[in-house]
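So this block is input_14.txt, compact mmCIF, C-alpha atoms and all ligand atoms:
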# COMPACT_ATOMS: atom_id res chain seq x y z
CA VAL A 1353 -20.72 13.60 -6.90
CA SER A 1354 -18.53 11.50 -4.60
CA VAL A 1355 -18.70 11.74 -0.82
CA PHE A 1356 -14.89 11.86 -1.16
CA ALA A 1357 -14.90 14.72 -3.67
CA ASN A 1358 -12.76 16.88 -1.40
CA ILE A 1359 -10.09 14.27 -0.87
CA SER A 1360 -6.55 15.37 -1.72
CA GLN A 1361 -4.07 13.42 -3.81
CA ALA A 1362 -1.53 11.73 -1.52
CA PRO A 1363 2.15 11.87 -2.46
CA GLU A 1364 3.90 8.70 -3.66
CA ASP A 1365 5.80 6.73 -1.03
CA PRO A 1366 9.32 8.21 -1.10
CA ILE A 1367 10.95 4.81 -1.68
CA LEU A 1368 8.37 3.02 -3.84
CA GLY A 1369 7.83 6.25 -5.78
CA VAL A 1370 11.36 5.93 -7.19
CA THR A 1371 10.29 2.80 -9.07
CA VAL A 1372 7.15 4.54 -10.35
CA ALA A 1373 9.35 7.27 -11.87
CA TYR A 1374 11.82 4.68 -13.21
CA ASN A 1375 9.06 2.74 -14.97
CA LYS A 1376 8.00 5.90 -16.81
CA ASP A 1377 11.53 6.51 -18.18
CA SER A 1378 12.03 5.17 -21.72
CA SER A 1379 15.85 5.52 -21.82
CA PRO A 1380 17.71 2.23 -22.52
CA HIS A 1381 20.39 3.35 -20.03
CA LYS A 1382 18.04 3.72 -17.08
CA LEU A 1383 19.16 2.20 -13.81
CA ASN A 1384 16.98 1.64 -10.73
CA LEU A 1385 18.99 1.80 -7.51
CA GLY A 1386 16.03 2.87 -5.42
CA VAL A 1387 14.25 -0.24 -4.31
CA GLY A 1388 15.73 -2.67 -1.81
CA ALA A 1389 15.26 -5.86 -3.77
CA TYR A 1390 18.00 -8.20 -4.97
CA ARG A 1391 18.80 -8.38 -8.67
CA THR A 1392 21.10 -10.79 -10.52
CA GLU A 1393 24.08 -9.73 -12.63
CA GLU A 1394 21.57 -9.63 -15.49
CA GLY A 1395 19.40 -7.21 -13.53
CA LYS A 1396 16.64 -9.79 -13.01
CA PRO A 1397 14.70 -10.65 -9.84
CA LEU A 1398 15.88 -13.92 -8.28
CA VAL A 1399 13.85 -16.81 -6.93
CA LEU A 1400 16.21 -19.01 -4.93
CA ASP A 1401 16.62 -22.53 -6.22
CA VAL A 1402 15.94 -23.89 -2.73
CA VAL A 1403 12.66 -21.95 -2.62
CA ARG A 1404 11.59 -23.50 -5.94
CA ARG A 1405 12.40 -26.95 -4.54
CA ALA A 1406 10.44 -26.32 -1.35
CA GLU A 1407 7.48 -25.09 -3.40
CA LYS A 1408 7.55 -28.21 -5.59
CA LEU A 1409 7.44 -30.37 -2.47
CA LEU A 1410 4.53 -28.37 -1.09
CA VAL A 1411 2.54 -28.47 -4.33
CA SER A 1412 2.98 -32.24 -4.67
CA ASP A 1413 1.92 -32.93 -1.08
CA ILE A 1414 -1.80 -33.69 -1.42
CA SER A 1415 -2.19 -33.94 2.35
CA LEU A 1416 -1.62 -30.18 2.61
CA LYS A 1417 -4.79 -28.18 3.07
CA LYS A 1418 -5.67 -24.55 2.69
CA GLU A 1419 -7.23 -24.35 6.13
CA TYR A 1420 -6.78 -21.29 8.32
CA LEU A 1421 -3.56 -21.18 10.30
CA PRO A 1422 -3.86 -20.45 14.03
CA ILE A 1423 -3.79 -16.73 14.95
CA THR A 1424 -0.11 -17.09 15.84
CA GLY A 1425 0.77 -18.77 12.54
CA LEU A 1426 2.51 -22.02 11.64
CA ALA A 1427 4.04 -23.57 14.78
CA ASP A 1428 7.02 -25.16 12.95
CA PHE A 1429 7.78 -21.86 11.30
CA ASN A 1430 7.71 -19.99 14.60
CA LYS A 1431 9.99 -22.44 16.37
CA SER A 1432 12.55 -22.44 13.54
CA SER A 1433 12.45 -18.67 13.18
CA ALA A 1434 13.25 -18.16 16.86
CA LYS A 1435 16.16 -20.57 16.51
CA LEU A 1436 17.43 -18.79 13.43
CA ILE A 1437 17.64 -15.40 15.10
CA LEU A 1438 18.55 -16.46 18.67
CA GLY A 1439 20.74 -19.46 17.83
CA SER A 1440 19.72 -23.13 17.93
CA ASP A 1441 21.28 -23.60 21.39
CA SER A 1442 19.72 -20.49 22.91
CA PRO A 1443 18.87 -21.00 26.60
CA ALA A 1444 15.92 -18.61 26.19
CA ILE A 1445 14.35 -21.06 23.71
CA GLN A 1446 15.21 -24.12 25.82
CA GLU A 1447 13.59 -22.46 28.81
CA ASN A 1448 10.46 -21.60 26.77
CA ARG A 1449 10.95 -17.90 27.51
CA VAL A 1450 10.31 -16.76 23.92
CA ALA A 1451 6.90 -15.88 22.49
CA THR A 1452 7.03 -16.05 18.67
CA VAL A 1453 4.23 -15.18 16.26
CA GLN A 1454 4.22 -15.37 12.47
CA CYS A 1455 3.57 -11.94 10.96
CA LEU A 1456 3.33 -10.16 7.60
CA SER A 1457 7.06 -9.87 6.87
CA GLY A 1458 9.26 -7.39 8.72
CA THR A 1459 6.79 -4.53 8.54
CA GLY A 1460 3.94 -6.56 10.02
CA SER A 1461 6.20 -7.90 12.77
CA LEU A 1462 7.21 -4.36 13.74
CA ARG A 1463 3.59 -3.23 13.73
CA VAL A 1464 2.33 -6.13 15.85
CA GLY A 1465 5.19 -5.53 18.28
CA ALA A 1466 4.38 -1.82 18.42
CA GLU A 1467 0.65 -2.44 19.02
CA PHE A 1468 1.52 -4.91 21.78
CA LEU A 1469 3.85 -2.40 23.46
CA LYS A 1470 1.25 0.35 23.27
CA LYS A 1471 -1.25 -1.90 25.04
CA HIS A 1472 0.93 -3.67 27.59
CA TYR A 1473 4.12 -1.66 28.23
CA ASN A 1474 4.24 1.25 30.61
CA GLN A 1475 6.50 3.43 28.42
CA HIS A 1476 5.23 4.67 25.07
CA THR A 1477 8.32 6.44 23.77
CA ILE A 1478 10.41 4.68 21.15
CA TYR A 1479 13.81 5.98 20.08
CA ILE A 1480 14.72 5.29 16.46
CA PRO A 1481 18.10 6.01 14.84
CA SER A 1482 18.61 9.15 12.77
CA PRO A 1483 18.39 8.43 9.92
CA THR A 1484 16.44 5.19 9.62
CA TRP A 1485 14.21 3.28 7.19
CA GLY A 1486 11.45 5.73 6.17
CA ASN A 1487 8.64 3.45 7.28
CA HIS A 1488 9.83 3.15 10.91
CA PRO A 1489 8.43 6.44 12.26
CA LYS A 1490 5.08 5.83 10.54
CA ILE A 1491 4.72 2.26 11.82
CA PHE A 1492 5.32 3.32 15.41
CA MET A 1493 3.23 6.49 15.25
CA MET A 1494 0.28 4.61 13.75
CA ALA A 1495 0.47 2.19 16.67
CA GLY A 1496 0.22 5.14 19.05
CA LEU A 1497 3.81 5.26 20.28
CA SER A 1498 5.64 8.53 20.57
CA VAL A 1499 8.69 8.59 18.32
CA LYS A 1500 12.00 10.24 19.18
CA THR A 1501 15.36 9.88 17.50
CA TYR A 1502 18.88 9.14 18.67
CA ARG A 1503 21.98 10.21 16.79
CA TYR A 1504 23.44 7.43 14.66
CA TYR A 1505 25.17 8.61 11.51
CA ASP A 1506 27.96 11.16 11.25
CA PRO A 1507 28.04 12.75 7.76
CA ALA A 1508 31.59 13.99 8.38
CA THR A 1509 33.04 10.49 8.77
CA ARG A 1510 30.26 8.69 6.90
CA GLY A 1511 30.39 6.33 9.86
CA LEU A 1512 28.77 5.83 13.26
CA ASP A 1513 28.26 8.81 15.56
CA PHE A 1514 29.04 6.65 18.57
CA GLU A 1515 29.46 9.59 20.94
CA GLY A 1516 26.12 11.08 19.93
CA LEU A 1517 24.40 7.72 20.16
CA GLN A 1518 25.64 7.17 23.71
CA GLN A 1519 24.72 10.67 24.80
CA ASP A 1520 21.19 10.38 23.43
CA LEU A 1521 20.52 6.95 24.91
CA SER A 1522 21.98 8.08 28.24
CA ALA A 1523 19.56 11.02 28.22
CA ALA A 1524 16.52 8.87 27.33
CA THR A 1525 13.85 8.35 29.98
CA SER A 1526 14.42 5.09 31.79
CA GLY A 1527 12.30 2.29 30.33
CA SER A 1528 11.99 3.83 26.86
CA ILE A 1529 11.92 1.49 23.87
CA VAL A 1530 14.92 1.66 21.51
CA LEU A 1531 14.77 0.44 17.92
CA LEU A 1532 18.03 -1.16 16.80
CA HIS A 1533 18.87 -2.44 13.32
CA ALA A 1534 20.27 -5.92 14.00
CA CYS A 1535 22.67 -5.59 11.06
CA ALA A 1536 23.07 -3.80 7.72
CA HIS A 1537 21.59 -0.52 8.94
CA ASN A 1538 19.23 0.97 6.37
CA PRO A 1539 19.87 3.50 4.81
CA THR A 1540 23.45 4.11 6.00
CA GLY A 1541 25.11 0.68 5.72
CA VAL A 1542 26.89 1.58 8.98
CA ASP A 1543 26.83 -0.96 11.83
CA PRO A 1544 28.39 -0.72 15.30
CA THR A 1545 31.39 -3.00 15.86
CA LEU A 1546 30.92 -5.87 18.33
CA ASP A 1547 32.80 -3.81 20.88
CA GLN A 1548 30.46 -0.87 20.35
CA TRP A 1549 27.44 -3.20 20.56
CA GLU A 1550 28.70 -4.34 23.95
CA HIS A 1551 28.85 -0.70 25.12
CA ILE A 1552 25.34 -0.10 23.80
CA ARG A 1553 24.08 -3.24 25.57
CA LYS A 1554 25.59 -2.23 28.91
CA LEU A 1555 24.29 1.31 28.61
CA MET A 1556 20.77 0.17 27.69
CA ARG A 1557 20.59 -2.46 30.41
CA SER A 1558 21.88 -0.04 33.04
CA LYS A 1559 19.11 2.41 32.10
CA GLY A 1560 16.40 -0.24 31.68
CA LEU A 1561 15.87 0.68 28.03
CA LEU A 1562 13.89 -1.97 26.12
CA PRO A 1563 15.57 -3.19 22.89
CA PHE A 1564 13.40 -3.73 19.82
CA PHE A 1565 15.53 -5.27 17.06
CA ASP A 1566 14.63 -4.97 13.42
CA SER A 1567 16.29 -7.88 11.61
CA ALA A 1568 15.52 -7.47 7.91
CA TYR A 1569 18.91 -8.60 6.55
CA GLN A 1570 20.14 -11.62 8.52
CA GLY A 1571 22.75 -13.36 6.35
CA PHE A 1572 22.55 -10.65 3.72
CA ALA A 1573 25.15 -8.37 5.28
CA SER A 1574 28.14 -10.62 5.88
CA GLY A 1575 26.94 -13.78 4.16
CA SER A 1576 26.77 -15.51 7.56
CA LEU A 1577 23.46 -16.00 9.39
CA ASP A 1578 25.23 -16.29 12.74
CA ALA A 1579 27.50 -13.27 12.32
CA ASP A 1580 24.55 -11.07 11.36
CA ALA A 1581 22.59 -12.12 14.47
CA GLN A 1582 25.42 -11.37 16.93
CA SER A 1583 23.92 -8.09 18.14
CA VAL A 1584 20.59 -9.70 19.07
CA ARG A 1585 22.26 -12.69 20.69
CA MET A 1586 24.44 -10.45 22.90
CA PHE A 1587 21.31 -8.87 24.34
CA VAL A 1588 19.63 -12.25 24.86
CA ALA A 1589 22.73 -13.78 26.47
CA ASP A 1590 22.54 -11.38 29.41
CA GLY A 1591 19.16 -12.81 30.39
CA GLY A 1592 17.29 -9.56 29.76
CA GLU A 1593 14.19 -9.00 27.68
CA CYS A 1594 13.90 -7.78 24.10
CA LEU A 1595 11.77 -7.87 20.96
CA ALA A 1596 12.94 -8.93 17.50
CA ALA A 1597 11.16 -8.49 14.16
CA GLN A 1598 12.40 -10.84 11.44
CA SER A 1599 11.83 -10.65 7.70
CA TYR A 1600 12.42 -13.36 5.09
CA ALA A 1601 11.94 -10.87 2.24
CA LYS A 1602 15.63 -10.37 1.49
CA ASN A 1603 17.42 -13.41 2.86
CA MET A 1604 15.05 -15.91 1.20
CA GLY A 1605 13.91 -13.60 -1.59
CA LEU A 1606 10.29 -14.01 -0.41
CA TYR A 1607 9.39 -10.30 -0.75
CA GLY A 1608 5.81 -10.69 -1.96
CA GLU A 1609 5.02 -13.66 0.27
CA ARG A 1610 5.03 -11.27 3.25
CA ILE A 1611 6.58 -13.71 5.66
CA GLY A 1612 8.27 -12.78 8.93
CA ALA A 1613 8.11 -13.27 12.66
CA LEU A 1614 7.97 -11.32 15.89
CA SER A 1615 9.77 -12.86 18.85
CA ILE A 1616 9.57 -11.46 22.35
CA VAL A 1617 12.22 -12.79 24.72
CA LEU A 1618 11.03 -12.76 28.32
CA THR A 1619 12.37 -13.72 31.72
CA SER A 1620 10.14 -16.73 32.37
CA ALA A 1621 7.99 -19.30 30.56
CA ASP A 1622 5.00 -18.10 32.53
CA VAL A 1623 5.30 -14.53 31.23
CA ALA A 1624 5.98 -15.83 27.70
CA ARG A 1625 2.71 -17.79 27.73
CA LYS A 1626 0.76 -14.74 28.87
CA VAL A 1627 2.47 -12.49 26.32
CA GLU A 1628 1.60 -14.93 23.53
CA SER A 1629 -2.04 -14.97 24.64
CA GLN A 1630 -2.11 -11.17 24.43
CA LEU A 1631 -0.40 -11.12 21.03
CA LYS A 1632 -3.35 -13.15 19.76
CA LEU A 1633 -5.72 -10.41 20.91
CA VAL A 1634 -3.63 -7.87 19.00
CA ILE A 1635 -3.56 -9.93 15.80
CA ARG A 1636 -7.14 -11.24 15.65
CA PRO A 1637 -8.86 -7.90 14.90
CA MET A 1638 -6.05 -6.80 12.52
CA TYR A 1639 -6.00 -9.70 10.02
CA SER A 1640 -7.30 -12.69 12.00
CA SER A 1641 -4.49 -15.07 11.02
CA PRO A 1642 -1.47 -14.98 8.71
CA PRO A 1643 -1.08 -16.54 5.22
CA ILE A 1644 0.11 -20.12 4.88
CA HIS A 1645 2.26 -20.39 1.77
CA GLY A 1646 5.35 -18.37 2.70
CA ALA A 1647 5.43 -19.88 6.19
CA SER A 1648 5.34 -23.38 4.68
CA ILE A 1649 8.24 -22.57 2.34
CA VAL A 1650 10.38 -21.20 5.17
CA ALA A 1651 9.53 -24.06 7.56
CA THR A 1652 10.35 -26.63 4.85
CA ILE A 1653 13.77 -25.10 4.24
CA LEU A 1654 14.67 -24.48 7.89
CA ASN A 1655 13.68 -27.99 8.96
CA ASP A 1656 15.55 -29.93 6.28
CA ARG A 1657 19.29 -30.20 6.84
CA GLU A 1658 20.20 -30.33 3.15
CA MET A 1659 17.87 -27.55 2.06
CA TYR A 1660 19.05 -25.38 4.95
CA HIS A 1661 22.64 -25.87 3.83
CA ASP A 1662 21.79 -25.08 0.20
CA TRP A 1663 20.01 -21.93 1.36
CA THR A 1664 23.11 -20.70 3.19
CA VAL A 1665 25.14 -21.20 -0.01
CA GLU A 1666 22.67 -19.21 -2.12
CA LEU A 1667 22.42 -16.54 0.56
CA LYS A 1668 26.19 -16.15 0.70
CA ALA A 1669 26.32 -15.85 -3.09
CA MET A 1670 23.87 -12.91 -2.91
CA ALA A 1671 25.87 -11.24 -0.14
CA ASP A 1672 29.13 -11.81 -2.04
CA ARG A 1673 27.74 -10.30 -5.23
CA ILE A 1674 26.76 -7.17 -3.30
CA ILE A 1675 30.20 -6.95 -1.69
CA SER A 1676 31.81 -7.35 -5.12
CA MET A 1677 29.63 -4.50 -6.49
CA ARG A 1678 30.95 -2.25 -3.71
CA LYS A 1679 34.52 -3.07 -4.72
CA GLN A 1680 33.86 -2.54 -8.43
CA LEU A 1681 32.15 0.82 -7.86
CA TYR A 1682 34.90 1.96 -5.48
CA ASP A 1683 37.61 0.94 -7.97
CA ALA A 1684 35.83 2.79 -10.76
CA MET A 1685 35.64 5.98 -8.68
CA CYS A 1686 39.35 5.71 -7.82
CA ALA A 1687 40.28 5.06 -11.46
CA LYS A 1688 38.41 8.21 -12.50
CA GLY A 1689 40.05 10.25 -9.77
CA THR A 1690 36.67 11.58 -8.65
CA PRO A 1691 37.33 14.18 -5.94
CA GLY A 1692 36.63 13.11 -2.36
CA ASP A 1693 37.12 10.00 -0.27
CA TRP A 1694 34.87 7.16 -1.49
CA SER A 1695 36.15 4.45 0.84
CA HIS A 1696 32.78 4.41 2.63
CA ILE A 1697 31.46 2.49 -0.41
CA ILE A 1698 33.52 -0.52 0.66
CA LYS A 1699 33.33 0.11 4.42
CA GLN A 1700 29.54 0.15 4.59
CA ILE A 1701 27.68 -3.15 4.70
CA GLY A 1702 24.42 -4.67 3.47
CA MET A 1703 22.14 -3.79 0.63
CA PHE A 1704 22.72 -0.04 0.57
CA THR A 1705 25.47 2.52 0.19
CA PHE A 1706 24.84 5.93 1.68
CA THR A 1707 26.80 7.83 -0.94
CA GLY A 1708 26.79 11.26 0.67
CA LEU A 1709 25.32 12.75 -2.53
CA ASN A 1710 22.88 15.59 -1.81
CA PRO A 1711 19.33 15.91 -3.24
CA GLU A 1712 20.50 18.27 -6.03
CA GLN A 1713 23.19 15.81 -7.11
CA VAL A 1714 20.67 12.97 -7.00
CA ALA A 1715 18.22 14.98 -9.15
CA PHE A 1716 21.05 15.71 -11.61
CA MET A 1717 21.95 12.01 -11.89
CA THR A 1718 18.32 11.13 -12.55
CA SER A 1719 17.68 13.83 -15.16
CA GLU A 1720 21.03 13.56 -16.97
CA TYR A 1721 21.97 9.89 -16.50
CA HIS A 1722 18.63 8.16 -15.85
CA VAL A 1723 19.96 6.79 -12.55
CA TYR A 1724 17.18 6.45 -9.97
CA MET A 1725 17.69 6.47 -6.18
CA THR A 1726 16.13 7.96 -3.06
CA SER A 1727 16.82 11.68 -2.60
CA ASP A 1728 18.95 11.01 0.51
CA GLY A 1729 21.65 9.60 -1.80
CA ARG A 1730 21.06 5.98 -0.86
CA ILE A 1731 21.82 3.48 -3.63
CA SER A 1732 20.91 -0.19 -3.64
CA MET A 1733 24.06 -2.20 -4.37
CA ALA A 1734 21.79 -5.17 -5.09
CA GLY A 1735 20.35 -3.28 -8.06
CA LEU A 1736 23.79 -2.76 -9.59
CA SER A 1737 25.63 -5.12 -11.97
CA SER A 1738 29.14 -5.16 -13.47
CA SER A 1739 27.90 -3.88 -16.83
CA LYS A 1740 26.34 -0.80 -15.16
CA VAL A 1741 29.25 0.21 -12.93
CA THR A 1742 30.82 2.51 -15.55
CA HIS A 1743 27.53 4.28 -16.19
CA LEU A 1744 26.97 4.80 -12.46
CA SER A 1745 30.49 6.04 -11.79
CA ASP A 1746 30.22 8.42 -14.79
CA ALA A 1747 27.01 9.79 -13.30
CA MET A 1748 28.48 10.16 -9.80
CA HIS A 1749 31.63 11.78 -11.17
CA ALA A 1750 29.59 14.29 -13.19
CA ALA A 1751 27.35 15.02 -10.19
CA VAL A 1752 30.24 16.03 -7.91
CA THR A 1753 32.45 17.87 -10.42
N1 LIG B 1801 13.19 -2.99 8.22
C1 LIG B 1801 14.10 -2.50 7.41
C2 LIG B 1801 15.27 -1.78 7.98
C3 LIG B 1801 13.97 -2.64 6.03
O1 LIG B 1801 14.91 -2.12 5.23
C4 LIG B 1801 12.85 -3.32 5.51
C5 LIG B 1801 12.65 -3.44 4.07
O2 LIG B 1801 13.10 -2.68 3.27
C6 LIG B 1801 11.93 -3.84 6.43
C7 LIG B 1801 12.13 -3.67 7.77
C8 LIG B 1801 10.69 -4.61 6.11
O3 LIG B 1801 10.52 -5.18 4.93
P1 LIG B 1801 9.41 -6.28 4.73
O4 LIG B 1801 8.17 -5.80 5.39
O5 LIG B 1801 9.28 -6.37 3.25
O6 LIG B 1801 9.92 -7.53 5.34
Now, as a test, write the supplied structure out as structure tokens.
Ligand code: PLP
Amino acid sequence: VSVFANISQAPEDPILGVTVAYNKDSSPHKLNLGVGAYRTEEGKPLVLDVVRRAEKLLVSDISLKKEYLPITGLADFNKSSAKLILGSDSPAIQENRVATVQCLSGTGSLRVGAEFLKKHYNQHTIYIPSPTWGNHPKIFMMAGLSVKTYRYYDPATRGLDFEGLQQDLSAATSGSIVLLHACAHNPTGVDPTLDQWEHIRKLMRSKGLLPFFDSAYQGFASGSLDADAQSVRMFVADGGECLAAQSYAKNMGLYGERIGALSIVLTSADVARKVESQLKLVIRPMYSSPPIHGASIVATILNDREMYHDWTVELKAMADRIISMRKQLYDAMCAKGTPGDWSHIIKQIGMFTFTGLNPEQVAFMTSEYHVYMTSDGRISMAGLSSSKVTHLSDAMHAAVT
């Protein structure tokens, strides 16, 4: 008999569980809009051409070793990652006020940041948007932070609840941490305008709230790396401090390589050095040092002018395909005359559309049409293709009529 005989069966992860259910479905019409991974028009996973080229270079370079990286990761990768998110001409980088460490994709970057804050910051409350990516509350709770929410999404307008957001952040205890999605808010696809970001910045700075940006979709939302980093750069331009977790899962298609970075922008080079030394103490007992392959791919691409350019072209093509899927789905709903206003499909941005469908309607679409998505009605536009738009709009039409 096992010493774990009394253990209970844990539920599937609400997001990854959608794919488990999808894989069990034998229907030829099945459609997986649950997982946030890019698919081609043919419904296939995509490895970027520029990633293949970088990998070929790496494999043929016999001087490359498989030695351990430093605790903080690959130095070239860290430098280029900070430039990518903050801008290559960022004064914070020039003044050596940024501590950057390579981490295990976006999730690992958030977790390392959270553990650091728990140990070295005097406020342990983090405000996250309602709703947000399902893993956020768990990451921060596991690190020992206390999680509260601020209003973000207004179901009535299927847009930003800007009033509610401002009220909740105004009422937050001074010094609290605030998680902000840098762009392409997941799951709602609703981002503040630049004007609204400026209000949020002023409000947060006036209250001494500490911004923690989650940047999982830079370049994926608009197709422009710079446009999608505007929110972060506004907060850095005022000279104040912030944290930023970057992921290369989506924008370089490096999902399984688990490659990302945590940057902490500080007010002086002296503090940045000390912060980096403490980040090492956080990382060492967790996983000692990060993996080398993904970091080498990213550093190769970011440090070669031609490959960098080719990456931006491939990235824009992914973003454009997603935007085109929004248009095709919206047009199909209009053509059918499905009751309700569906313009949010084209107004929202990034990988996901927050359809407004309720859990019963989602369950109906899955059982009757073999369309899989999370129960909050979120669909991945990256999982859709032109040939599936009719099937999806049929399912949505049937679910609401
Ligand atoms: N943050 C948000 C908002 C996300 O949507 C995701 C991925 O779905 C992540 C972070 C982290 O992903 P990863 O750990 O694969 O980089």
Contact check, chain A to ligand LIG 1801 (chain B), at most 8 Å, counting all atoms listed in the file, closest pairs as a Markdown table:
| residue | atom | partner | partner_atom | distance |
| --- | --- | --- | --- | --- |
| A:Gly1388 | CA | B:LIG1801 | O2 | 5.7 |
| A:Leu1456 | CA | B:LIG1801 | O4 | 6.9 |
| A:Ser1457 | CA | B:LIG1801 | O6 | 4.0 |
| A:Gly1458 | CA | B:LIG1801 | O6 | 3.4 |
| A:Thr1459 | CA | B:LIG1801 | O4 | 3.7 |
| A:Gly1460 | CA | B:LIG1801 | O4 | 6.3 |
| A:Ser1461 | CA | B:LIG1801 | O4 | 7.9 |
| A:Leu1462 | CA | B:LIG1801 | C7 | 7.8 |
| A:Thr1484 | CA | B:LIG1801 | C2 | 7.3 |
| A:Trp1485 | CA | B:LIG1801 | C2 | 5.2 |
| A:Asn1487 | CA | B:LIG1801 | N1 | 7.9 |
| A:His1488 | CA | B:LIG1801 | N1 | 7.5 |
| A:His1533 | CA | B:LIG1801 | C2 | 6.5 |
| A:His1537 | CA | B:LIG1801 | C2 | 6.5 |
| A:Asn1538 | CA | B:LIG1801 | C2 | 5.1 |
| A:Pro1539 | CA | B:LIG1801 | O1 | 7.5 |
| A:Asp1566 | CA | B:LIG1801 | N1 | 5.7 |
| A:Ser1567 | CA | B:LIG1801 | N1 | 6.7 |
| A:Ala1568 | CA | B:LIG1801 | N1 | 5.1 |
| A:Tyr1569 | CA | B:LIG1801 | O1 | 7.7 |
| A:Gln1598 | CA | B:LIG1801 | O6 | 7.4 |
| A:Ser1599 | CA | B:LIG1801 | O6 | 4.4 |
| A:Tyr1600 | CA | B:LIG1801 | O6 | 6.3 |
| A:Ala1601 | CA | B:LIG1801 | O6 | 5.0 |
| A:Lys1602 | CA | B:LIG1801 | O6 | 7.4 |
| A:Tyr1607 | CA | B:LIG1801 | O5 | 5.6 |
| A:Gly1608 | CA | B:LIG1801 | O5 | 7.6 |
| A:Arg1610 | CA | B:LIG1801 | O5 | 6.5 |
| A:Ile1611 | CA | B:LIG1801 | O6 | 7.0 |
| A:Gly1612 | CA | B:LIG1801 | O6 | 6.6 |
Same residues, C-alpha atoms, saved as a compact mmCIF listing (two decimals), in the coordinates of the input:
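Done, and the output landed in selection_3.txt:
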# COMPACT_ATOMS: atom_id res chain seq x y z
CA GLY A 1388 15.73 -2.67 -1.81
CA LEU A 1456 3.33 -10.16 7.60
CA SER A 1457 7.06 -9.87 6.87
CA GLY A 1458 9.26 -7.39 8.72
CA THR A 1459 6.79 -4.53 8.54
CA GLY A 1460 3.94 -6.56 10.02
CA SER A 1461 6.20 -7.90 12.77
CA LEU A 1462 7.21 -4.36 13.74
CA THR A 1484 16.44 5.19 9.62
CA TRP A 1485 14.21 3.28 7.19
CA ASN A 1487 8.64 3.45 7.28
CA HIS A 1488 9.83 3.15 10.91
CA HIS A 1533 18.87 -2.44 13.32
CA HIS A 1537 21.59 -0.52 8.94
CA ASN A 1538 19.23 0.97 6.37
CA PRO A 1539 19.87 3.50 4.81
CA ASP A 1566 14.63 -4.97 13.42
CA SER A 1567 16.29 -7.88 11.61
CA ALA A 1568 15.52 -7.47 7.91
CA TYR A 1569 18.91 -8.60 6.55
CA GLN A 1598 12.40 -10.84 11.44
CA SER A 1599 11.83 -10.65 7.70
CA TYR A 1600 12.42 -13.36 5.09
CA ALA A 1601 11.94 -10.87 2.24
CA LYS A 1602 15.63 -10.37 1.49
CA TYR A 1607 9.39 -10.30 -0.75
CA GLY A 1608 5.81 -10.69 -1.96
CA ARG A 1610 5.03 -11.27 3.25
CA ILE A 1611 6.58 -13.71 5.66
CA GLY A 1612 8.27 -12.78 8.93
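Between CA of Ala1750 (chain A) and CA of Ser1732 (chain A) the interatomic distance comes to 19.4 Å.
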Region 1473-1480 of chain A surroundings by only C-alpha atoms, 10 Å radius, close-in-sequence under 2 positions cut, as a VMD selection string | chain A and resid 1466 to 1471 1482 to 1485 1488 to 1489 1492 to 1493 1495 to 1504 1520 to 1521 1524 to 1533 1561 to 1564
Those residues with C-alpha atoms, as an mmCIF file, in the coordinates of the input please?
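This is the output file again_21.cif:
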data_model
loop_
_atom_site.group_PDB
_atom_site.id
_atom_site.type_symbol
_atom_site.label_atom_id
_atom_site.label_comp_id
_atom_site.auth_asym_id
_atom_site.auth_seq_id
_atom_site.Cartn_x
_atom_site.Cartn_y
_atom_site.Cartn_z
ATOM 1 C CA ALA A 1466 4.380 -1.820 18.420
ATOM 2 C CA GLU A 1467 0.650 -2.440 19.020
ATOM 3 C CA PHE A 1468 1.520 -4.910 21.780
ATOM 4 C CA LEU A 1469 3.850 -2.400 23.460
ATOM 5 C CA LYS A 1470 1.250 0.350 23.270
ATOM 6 C CA LYS A 1471 -1.250 -1.900 25.040
ATOM 7 C CA SER A 1482 18.610 9.150 12.770
ATOM 8 C CA PRO A 1483 18.390 8.430 9.920
ATOM 9 C CA THR A 1484 16.440 5.190 9.620
ATOM 10 C CA TRP A 1485 14.210 3.280 7.190
ATOM 11 C CA HIS A 1488 9.830 3.150 10.910
ATOM 12 C CA PRO A 1489 8.430 6.440 12.260
ATOM 13 C CA PHE A 1492 5.320 3.320 15.410
ATOM 14 C CA MET A 1493 3.230 6.490 15.250
ATOM 15 C CA ALA A 1495 0.470 2.190 16.670
ATOM 16 C CA GLY A 1496 0.220 5.140 19.050
ATOM 17 C CA LEU A 1497 3.810 5.260 20.280
ATOM 18 C CA SER A 1498 5.640 8.530 20.570
ATOM 19 C CA VAL A 1499 8.690 8.590 18.320
ATOM 20 C CA LYS A 1500 12.000 10.240 19.180
ATOM 21 C CA THR A 1501 15.360 9.880 17.500
ATOM 22 C CA TYR A 1502 18.880 9.140 18.670
ATOM 23 C CA ARG A 1503 21.980 10.210 16.790
ATOM 24 C CA TYR A 1504 23.440 7.430 14.660
ATOM 25 C CA ASP A 1520 21.190 10.380 23.430
ATOM 26 C CA LEU A 1521 20.520 6.950 24.910
ATOM 27 C CA ALA A 1524 16.520 8.870 27.330
ATOM 28 C CA THR A 1525 13.850 8.350 29.980
ATOM 29 C CA SER A 1526 14.420 5.090 31.790
ATOM 30 C CA GLY A 1527 12.300 2.290 30.330
ATOM 31 C CA SER A 1528 11.990 3.830 26.860
ATOM 32 C CA ILE A 1529 11.920 1.490 23.870
ATOM 33 C CA VAL A 1530 14.920 1.660 21.510
ATOM 34 C CA LEU A 1531 14.770 0.440 17.920
ATOM 35 C CA LEU A 1532 18.030 -1.160 16.800
ATOM 36 C CA HIS A 1533 18.870 -2.440 13.320
ATOM 37 C CA LEU A 1561 15.870 0.680 28.030
ATOM 38 C CA LEU A 1562 13.890 -1.970 26.120
ATOM 39 C CA PRO A 1563 15.570 -3.190 22.890
ATOM 40 C CA PHE A 1564 13.400 -3.730 19.820
#
